[in-house]
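Source file protein-v3.cif; content: mmCIF, C-alpha atoms.
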data_structure
loop_
_atom_site.label_atom_id
_atom_site.label_comp_id
_atom_site.auth_asym_id
_atom_site.auth_seq_id
_atom_site.Cartn_x
_atom_site.Cartn_y
_atom_site.Cartn_z
CA MET M 1 -18.43 92.78 -12.67
CA GLU M 2 -16.47 89.67 -11.65
CA GLU M 3 -14.73 89.59 -14.99
CA LEU M 4 -13.86 93.29 -14.73
CA ILE M 5 -12.48 92.78 -11.22
CA GLU M 6 -10.22 89.94 -12.41
CA GLN M 7 -9.04 92.02 -15.35
CA LEU M 8 -8.34 94.99 -13.09
CA LYS M 9 -6.29 92.84 -10.74
CA LYS M 10 -4.07 91.70 -13.59
CA GLN M 11 -3.70 95.23 -14.90
CA ILE M 12 -2.86 96.61 -11.47
CA ILE M 13 -0.20 93.94 -10.93
CA GLU M 14 1.36 94.67 -14.29
CA GLN M 15 1.07 98.45 -14.23
CA LEU M 16 2.43 98.81 -10.69
CA ASN M 17 5.15 96.14 -11.02
CA LEU M 18 3.77 94.10 -8.12
CA GLU M 19 6.13 91.35 -9.11
CA ASP M 20 5.48 88.74 -6.45
CA LEU M 21 1.68 89.01 -6.52
CA GLU M 22 -0.86 86.89 -8.36
CA PRO M 23 -4.46 88.01 -8.98
CA GLY M 24 -5.62 85.44 -6.45
CA ASP M 25 -3.56 87.20 -3.77
CA ILE M 26 -5.66 90.36 -4.04
CA ASP M 27 -8.97 90.44 -2.21
CA PRO M 28 -11.18 92.81 -4.22
CA GLU M 29 -12.49 94.44 -1.05
CA ASP M 30 -9.12 94.92 0.66
CA PRO M 31 -7.76 98.49 0.82
CA LEU M 32 -5.28 99.24 -1.93
CA PHE M 33 -3.50 101.86 0.15
CA GLY M 34 -2.31 101.91 3.73
CA ASN M 35 -2.35 98.46 5.27
CA GLY M 36 -3.64 96.68 2.19
CA LEU M 37 -1.33 96.45 -0.80
CA GLY M 38 0.67 99.35 0.61
CA LEU M 39 0.56 101.40 -2.58
CA ASP M 40 2.06 104.88 -2.60
CA SER M 41 1.31 108.23 -4.22
CA ILE M 42 3.02 107.38 -7.51
CA ASP M 43 0.91 104.20 -7.66
CA ALA M 44 -2.18 106.38 -7.17
CA LEU M 45 -1.21 108.44 -10.21
CA GLU M 46 -0.62 105.26 -12.20
CA LEU M 47 -4.11 104.04 -11.31
CA ILE M 48 -5.60 107.31 -12.57
CA VAL M 49 -3.73 106.82 -15.86
CA LEU M 50 -4.86 103.17 -15.98
CA LEU M 51 -8.51 104.16 -15.69
CA GLU M 52 -8.27 106.68 -18.49
CA LYS M 53 -6.02 104.66 -20.80
CA GLU M 54 -7.74 101.28 -20.52
CA TYR M 55 -11.34 102.31 -19.81
CA GLY M 56 -11.66 105.89 -21.07
CA VAL M 57 -12.80 106.97 -17.60
CA LYS M 58 -11.60 110.27 -16.14
CA ILE M 59 -11.91 111.19 -12.50
CA GLU M 60 -14.39 114.06 -12.51
CA ASN M 61 -13.78 115.24 -8.96
CA PRO M 62 -10.29 114.64 -7.48
CA ARG M 63 -11.84 114.60 -4.02
CA ASP M 64 -13.56 111.35 -4.95
CA GLY M 65 -10.20 109.68 -5.52
CA GLN M 66 -9.93 108.18 -2.05
CA GLN M 67 -13.30 106.51 -2.43
CA ILE M 68 -12.79 105.41 -6.03
CA PHE M 69 -9.41 103.83 -5.37
CA PHE M 70 -10.24 102.35 -1.99
CA SER M 71 -10.26 98.79 -3.36
CA VAL M 72 -10.33 96.88 -6.64
CA LYS M 73 -14.08 96.49 -6.19
CA SER M 74 -14.67 100.22 -5.77
CA MET M 75 -12.58 100.87 -8.89
CA ALA M 76 -14.67 98.35 -10.84
CA GLU M 77 -17.89 99.95 -9.65
CA TYR M 78 -16.71 103.39 -10.71
CA ILE M 79 -15.72 102.10 -14.14
CA THR M 80 -19.07 100.39 -14.58
CA GLN M 81 -20.94 103.58 -13.64
CA HIS M 82 -18.88 105.95 -15.79
CA GLN M 83 -17.64 104.02 -18.79
CA LYS M 84 -19.22 105.30 -22.01
CA MET H 1 44.40 110.73 7.61
CA THR H 2 43.20 109.69 4.14
CA PRO H 3 39.89 107.84 4.14
CA VAL H 4 39.97 104.15 3.31
CA ILE H 5 38.10 102.20 0.63
CA GLU H 6 36.57 99.52 2.81
CA THR H 7 34.98 97.50 0.01
CA TYR H 8 33.99 97.87 -3.64
CA CYS H 9 31.66 96.35 -6.21
CA HIS H 10 31.71 96.02 -9.99
CA ILE H 11 28.67 95.05 -12.05
CA ARG H 12 29.51 94.51 -15.72
CA ASN H 13 28.39 92.13 -18.46
CA ASN H 14 25.99 90.31 -16.13
CA HIS H 15 28.74 89.67 -13.56
CA ILE H 16 28.80 91.00 -10.01
CA PHE H 17 32.13 91.24 -8.19
CA ARG H 18 32.85 92.25 -4.65
CA ASP H 19 36.45 93.26 -3.92
CA GLY H 20 37.45 91.65 -7.21
CA LYS H 21 35.81 88.29 -6.45
CA LEU H 22 32.91 87.01 -8.55
CA ILE H 23 29.78 86.55 -6.48
CA PHE H 24 27.08 86.24 -9.13
CA GLU H 25 26.84 85.82 -12.89
CA LEU H 26 24.17 85.19 -15.48
CA PRO H 27 25.90 85.40 -18.85
CA GLY H 28 23.74 85.90 -21.91
CA ALA H 29 20.59 86.92 -20.07
CA ASP H 30 18.89 90.15 -20.97
CA LEU H 31 19.22 92.92 -18.44
CA LYS H 32 15.72 92.57 -17.01
CA VAL H 33 16.28 88.87 -16.29
CA PHE H 34 19.76 89.53 -14.89
CA LEU H 35 18.51 92.23 -12.51
CA LYS H 36 15.65 90.08 -11.21
CA SER H 37 17.91 87.05 -10.78
CA ALA H 38 20.57 89.08 -8.98
CA TYR H 39 17.92 90.52 -6.69
CA LYS H 40 16.65 87.04 -5.81
CA PHE H 41 20.23 85.86 -5.26
CA LEU H 42 20.99 88.74 -2.87
CA ASN H 43 17.51 88.37 -1.36
CA PRO H 44 17.18 91.75 0.34
CA GLY H 45 13.41 91.34 0.80
CA TYR H 46 12.67 94.80 -0.59
CA ALA H 47 9.71 94.71 -2.97
CA ARG H 48 10.16 98.39 -3.86
CA PHE H 49 13.06 97.18 -6.03
CA TYR H 50 10.59 96.08 -8.68
CA LYS H 51 9.26 99.62 -9.09
CA MET H 52 12.68 101.09 -9.83
CA ASP H 53 14.04 101.75 -13.27
CA GLU H 54 16.99 99.69 -14.50
CA ILE H 55 19.73 102.12 -13.55
CA SER H 56 18.35 102.51 -10.03
CA LYS H 57 18.20 98.73 -9.76
CA LEU H 58 21.87 98.55 -10.74
CA GLY H 59 22.85 101.10 -8.10
CA PHE H 60 20.62 99.42 -5.54
CA LEU H 61 22.19 96.01 -6.16
CA ALA H 62 25.72 97.41 -5.87
CA ALA H 63 24.84 99.03 -2.56
CA GLU H 64 23.24 95.79 -1.40
CA VAL H 65 26.44 93.85 -2.20
CA LEU H 66 28.43 96.29 -0.05
CA SER H 67 25.88 96.65 2.72
CA PRO H 68 27.37 94.06 5.13
CA ALA H 69 30.31 96.46 5.52
CA PHE H 70 28.19 99.53 6.31
CA ASN H 71 28.83 100.94 9.75
CA ARG H 72 25.34 100.87 11.23
CA GLU H 73 26.52 102.49 14.45
CA LEU H 74 27.12 105.81 12.74
CA PRO H 75 24.44 108.48 13.02
CA GLN H 76 22.32 108.48 9.85
CA GLU H 77 23.55 111.98 8.94
CA GLU H 78 27.17 110.83 8.75
CA THR H 79 26.95 108.63 5.67
CA ALA H 80 26.96 110.39 2.34
CA VAL H 81 26.03 109.02 -1.09
CA VAL H 82 28.06 110.54 -3.93
CA LEU H 83 27.52 108.87 -7.29
CA SER H 84 28.17 109.81 -10.89
CA ASN H 85 27.77 108.72 -14.47
CA THR H 86 28.05 109.88 -18.08
CA HIS H 87 24.62 109.27 -19.56
CA SER H 88 22.30 110.43 -16.80
CA THR H 89 19.05 108.43 -17.19
CA TRP H 90 19.22 107.99 -20.96
CA VAL H 91 17.41 104.61 -21.08
CA THR H 92 14.64 105.74 -18.70
CA ASP H 93 14.30 108.96 -20.69
CA MET H 94 13.73 106.85 -23.81
CA HIS H 95 11.01 104.84 -22.05
CA HIS H 96 9.36 108.08 -20.96
CA GLN H 97 9.56 109.45 -24.49
CA GLU H 98 7.83 106.33 -25.82
CA THR H 99 4.82 107.05 -23.60
CA ILE H 100 4.39 110.56 -25.02
CA ASN H 101 5.33 110.07 -28.69
CA ASN H 102 1.84 109.54 -29.96
CA ASP H 103 -0.54 112.49 -29.69
CA LYS H 104 -3.51 110.17 -30.06
CA ASN H 105 -2.30 107.78 -27.38
CA PHE H 106 -0.69 110.22 -24.96
CA PHE H 107 -0.36 108.53 -21.56
CA PRO H 108 2.83 109.46 -19.72
CA SER H 109 3.57 107.03 -16.92
CA PRO H 110 4.22 108.70 -13.55
CA ALA H 111 6.15 105.62 -12.40
CA ILE H 112 8.59 105.99 -15.32
CA PHE H 113 8.74 109.77 -15.26
CA VAL H 114 9.71 109.90 -11.60
CA TYR H 115 12.96 108.09 -12.44
CA THR H 116 14.08 110.48 -15.18
CA LEU H 117 16.68 112.05 -12.88
CA PRO H 118 19.77 110.09 -11.77
CA ASN H 119 19.72 111.47 -8.25
CA ILE H 120 16.57 109.42 -7.65
CA MET H 121 18.95 106.45 -7.56
CA THR H 122 20.88 108.01 -4.68
CA GLY H 123 17.53 108.64 -3.01
CA GLU H 124 16.47 105.00 -3.35
CA ILE H 125 19.78 103.83 -1.87
CA SER H 126 19.50 106.34 0.95
CA ILE H 127 15.94 105.26 1.77
CA ARG H 128 16.90 101.59 1.79
CA HIS H 129 19.91 102.06 4.10
CA ASN H 130 18.68 105.04 6.07
CA PHE H 131 21.50 107.32 4.95
CA ARG H 132 20.69 110.97 5.70
CA GLY H 133 24.00 112.63 4.90
CA GLU H 134 25.04 114.46 1.75
CA ASN H 135 23.40 113.17 -1.42
CA ALA H 136 24.94 114.16 -4.73
CA PHE H 137 24.98 112.94 -8.30
CA PHE H 138 27.42 114.25 -10.89
CA ILE H 139 27.52 113.84 -14.65
CA PHE H 140 30.97 113.58 -16.29
CA GLU H 141 32.26 112.73 -19.74
CA LYS H 142 33.76 109.62 -18.14
CA PHE H 143 34.40 108.35 -14.63
CA ASP H 144 36.35 111.09 -12.87
CA PRO H 145 38.35 109.67 -9.96
CA GLU H 146 40.01 113.03 -9.23
CA PHE H 147 36.75 114.88 -8.73
CA ILE H 148 34.98 112.13 -6.81
CA SER H 149 37.91 111.52 -4.47
CA ASN H 150 38.50 115.24 -3.83
CA TYR H 151 34.82 115.96 -3.26
CA THR H 152 34.23 113.01 -0.98
CA ASN H 153 37.50 113.44 0.95
CA HIS H 154 36.51 117.04 1.56
CA LEU H 155 33.22 115.85 3.07
CA ILE H 156 35.15 113.56 5.42
CA MET H 157 37.87 116.09 6.30
CA SER H 158 35.34 118.82 7.02
CA SER H 159 33.38 116.43 9.26
CA LYS H 160 30.30 116.51 7.07
CA ALA H 161 30.46 112.73 6.76
CA SER H 162 32.28 109.82 8.35
CA SER H 163 31.59 107.35 5.59
CA CYS H 164 30.40 107.48 2.03
CA LEU H 165 29.02 105.32 -0.71
CA GLY H 166 30.62 106.59 -3.90
CA GLY H 167 31.24 105.64 -7.47
CA TYR H 168 29.87 105.42 -10.98
CA VAL H 169 26.61 103.88 -12.22
CA ASP H 170 26.07 104.31 -15.94
CA GLN H 171 23.66 102.82 -18.45
CA THR H 172 23.17 103.25 -22.18
CA PRO H 173 20.97 101.32 -24.60
CA ARG H 174 24.07 99.24 -25.35
CA GLY H 175 24.97 98.24 -21.80
CA TYR H 176 25.95 99.39 -18.35
CA ASP H 177 29.01 100.02 -16.18
CA VAL H 178 28.84 99.97 -12.39
CA PHE H 179 31.65 100.65 -9.93
CA VAL H 180 30.51 101.51 -6.41
CA TYR H 181 32.58 101.56 -3.25
CA TYR H 182 32.15 102.24 0.45
CA LEU H 183 34.71 104.37 2.18
CA ARG H 184 35.22 105.29 5.79
CA SER H 185 37.40 107.56 7.85
CA GLY H 186 39.71 106.20 10.53
CA LYS H 187 42.81 104.03 10.76
CA ASN H 188 43.80 101.70 7.96
CA GLU H 189 44.87 98.70 9.98
CA GLU H 190 44.04 96.13 7.32
CA GLY H 191 46.00 97.69 4.48
CA LYS H 192 42.91 98.60 2.46
CA PRO H 193 43.26 100.92 -0.53
CA GLU H 194 43.48 104.59 0.35
CA HIS H 195 40.74 106.76 -1.06
CA ASN H 196 42.59 108.79 -3.68
CA ALA H 197 42.32 109.28 -7.42
CA GLY H 198 45.06 106.79 -8.25
CA GLU H 199 43.53 103.96 -6.25
CA LEU H 200 40.04 104.72 -7.55
CA ARG H 201 41.28 104.65 -11.12
CA ARG H 202 43.13 101.38 -10.50
CA LEU H 203 40.11 99.71 -8.90
CA TYR H 204 37.71 101.00 -11.55
CA GLU H 205 39.89 99.72 -14.37
CA TYR H 206 40.60 96.47 -12.55
CA GLY H 207 37.00 95.49 -13.18
CA ASN H 208 37.55 96.04 -16.90
CA GLY H 209 40.32 93.44 -16.90
#
Encoded form using structure tokens:
Amino acid sequence: MEELIEQLKKQIIEQLNLEDLEPGDIDPEDPLFGNGLGLDSIDALELIVLLEKEYGVKIENPRDGQQIFFSVKSMAEYITQHQK
Amino acid sequence: MTPVIETYCHIRNNHIFRDGKLIFELPGADLKVFLKSAYKFLNPGYARFYKMDEISKLGFLAAEVLSPAFNRELPQEETAVVLSNTHSTWVTDMHHQETINNDKNFFPSPAIFVYTLPNIMTGEISIRHNFRGENAFFIFEKFDPEFISNYTNHLIMSSKASSCLGGYVDQTPRGYDVFVYYLRSGKNEEGKPEHNAGELRRLYEYGNG
């Protein structure tokens, strides 16, 4: 799980062009949206694409999105539970 | 009273000029490096810049160069943004196409796709500087000083705007060409160029010198 979290951080930084951030700057339990990293709706769509492209995981129920993408840790947990 | 060109910016060949004076250069660097370096030089503290496509970054930087001259006392609805180019978002369109070329690896990027319209650039500039007046983006075969000056002067004369960021921001796979200016209504006490087609053409071509 720790390895997946570190990998996710790097992928998020690259995919979302978070230029001035390093993986160490992201607390895995901090919110990604709102007051955390301050991501927006386009970033949310990019994260959905990231999950499918890099991990083959599709979001089954869009209503779960808020929970799945709450933090890097919650993303990692979802991937672990749903990756085939 | 003809509006006045308060200040203007050229960005060409990795050189940034304001009112004809060089303020930044990075010869030989690729565009990505140039854009990042210019951003750090201007230091606007606006991390959203990194999410923009290259042509929006070019327009953003030109507006940033001119921003000290913006009249912040005007109501937000009184500043218009009227830009133009020849090649729309050709380079961004190519990047988008690359993400959908392969049926077996079909992953369009929302962050790229959202920039496949040139008026998004005017939107980014408007968001940054809180401009809520007319927003327009026109595509011409080449920079059209007659149209831009007539259109923008009409906005001023009909009281739909008191100031305007106008010009031309173009990019192709081979390079880019940026000429952006800030005009205002009111008296011309400092002998600034009048906002008409002749002066726009002269200033645009001056940067090609």
Review point. Can you list what the PyMOL selection byres ((chain H) within 10 of (chain M)) grabs from this structure, as a PyMOL selection string?
Key: chain H and resi 36+47-52+105-114
Exercise for review: Check the smallest atom-to-atom distance from each of M:Ile5, M:Gln11, M:Pro23, M:Asp40 to M:Ile79 using only C-alpha atoms, then report the winner.
Suggested key: M:Ile5
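When all atoms listed in the file are used to measure the gap to H:Tyr168, the shortest distance among H:Leu31, H:Leu22, H:Leu58, H:Leu117 belongs to H:Leu58.
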Check your understanding: If you apply the PyMOL selection byres ((chain H and resi 161) around 12) to this file, what residues do you get, as a ChimeraX atom specification?
Key -> /H:3,74-82,131-135,151-160,162-165,183-186
Review point. Just so the selection is clear, what residues does the PyMOL selection byres ((chain M and resi 9) around 12) cover here, as number ranges by chain?
Key: M: 2-8, 10-18, 21-30, 32, 37, 47, 50, 71-73, 75-76
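Nearest residue to M:Leu51, choosing from M:Met1, M:Gly36, M:Pro31, M:Gly65 and counting all atoms listed in the file: M:Gly65.
For the pair atom CA of H:Leu26 and atom CA of H:Lys142, the interatomic distance is 26.4 Å.
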If you take every atom of stretch 40-53 of chain M that the file lists and fit an axis-aligned box around them with 3 Å extra on each side, what centre and edge lengths come out in Å to one decimal, as JSON?
{"center_x": -2.7, "center_y": 105.8, "center_z": -11.7, "size_x": 17.5, "size_y": 11.3, "size_z": 24.2}
Pick out the residues sitting within 9 Å of H:Asn196, and hand them over as a PDB file with C-alpha atoms, in the frame of the given file; count all atoms listed in the file, and ignore anything fewer than 6 positions along from it in its own chain.
ATOM      1  CA  THR H   2      43.200 109.690   4.140  1.00  0.00           C
ATOM      2  CA  PRO H   3      39.890 107.840   4.140  1.00  0.00           C
ATOM      3  CA  VAL H   4      39.970 104.150   3.310  1.00  0.00           C
ATOM      4  CA  PRO H 145      38.350 109.670  -9.960  1.00  0.00           C
ATOM      5  CA  GLU H 146      40.010 113.030  -9.230  1.00  0.00           C
ATOM      6  CA  ILE H 148      34.980 112.130  -6.810  1.00  0.00           C
ATOM      7  CA  SER H 149      37.910 111.520  -4.470  1.00  0.00           C
ATOM      8  CA  ASN H 150      38.500 115.240  -3.830  1.00  0.00           C
ATOM      9  CA  ASN H 153      37.500 113.440   0.950  1.00  0.00           C
TER      10      ASN H 153
END
Check your understanding: What is the distance between atom CA of H:Glu98 and atom CA of M:Glu54, in Å to one decimal?
Key ->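 Rounded to one decimal, the two atoms are 17.2 Å apart.
For the atom pair formed by atom CA of H:Ser56 and atom CA of H:Gly167, the distance is 13.5 Å, given to one decimal.
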Exercise for review: For H:Leu203, list every protein, DNA or RNA residue within 10 Å, evaluated using all atoms listed in the file, and leave out those in the same chain fewer than 5 positions away; present the list as a list of chain:residue names.
Suggested key: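 My list of contacting residues is H:Tyr8, H:Cys9, H:His10, H:Asp19, H:Gly20, H:Phe179, H:Tyr181, H:Pro193, H:Ala197, H:Gly198, H:Asn208.
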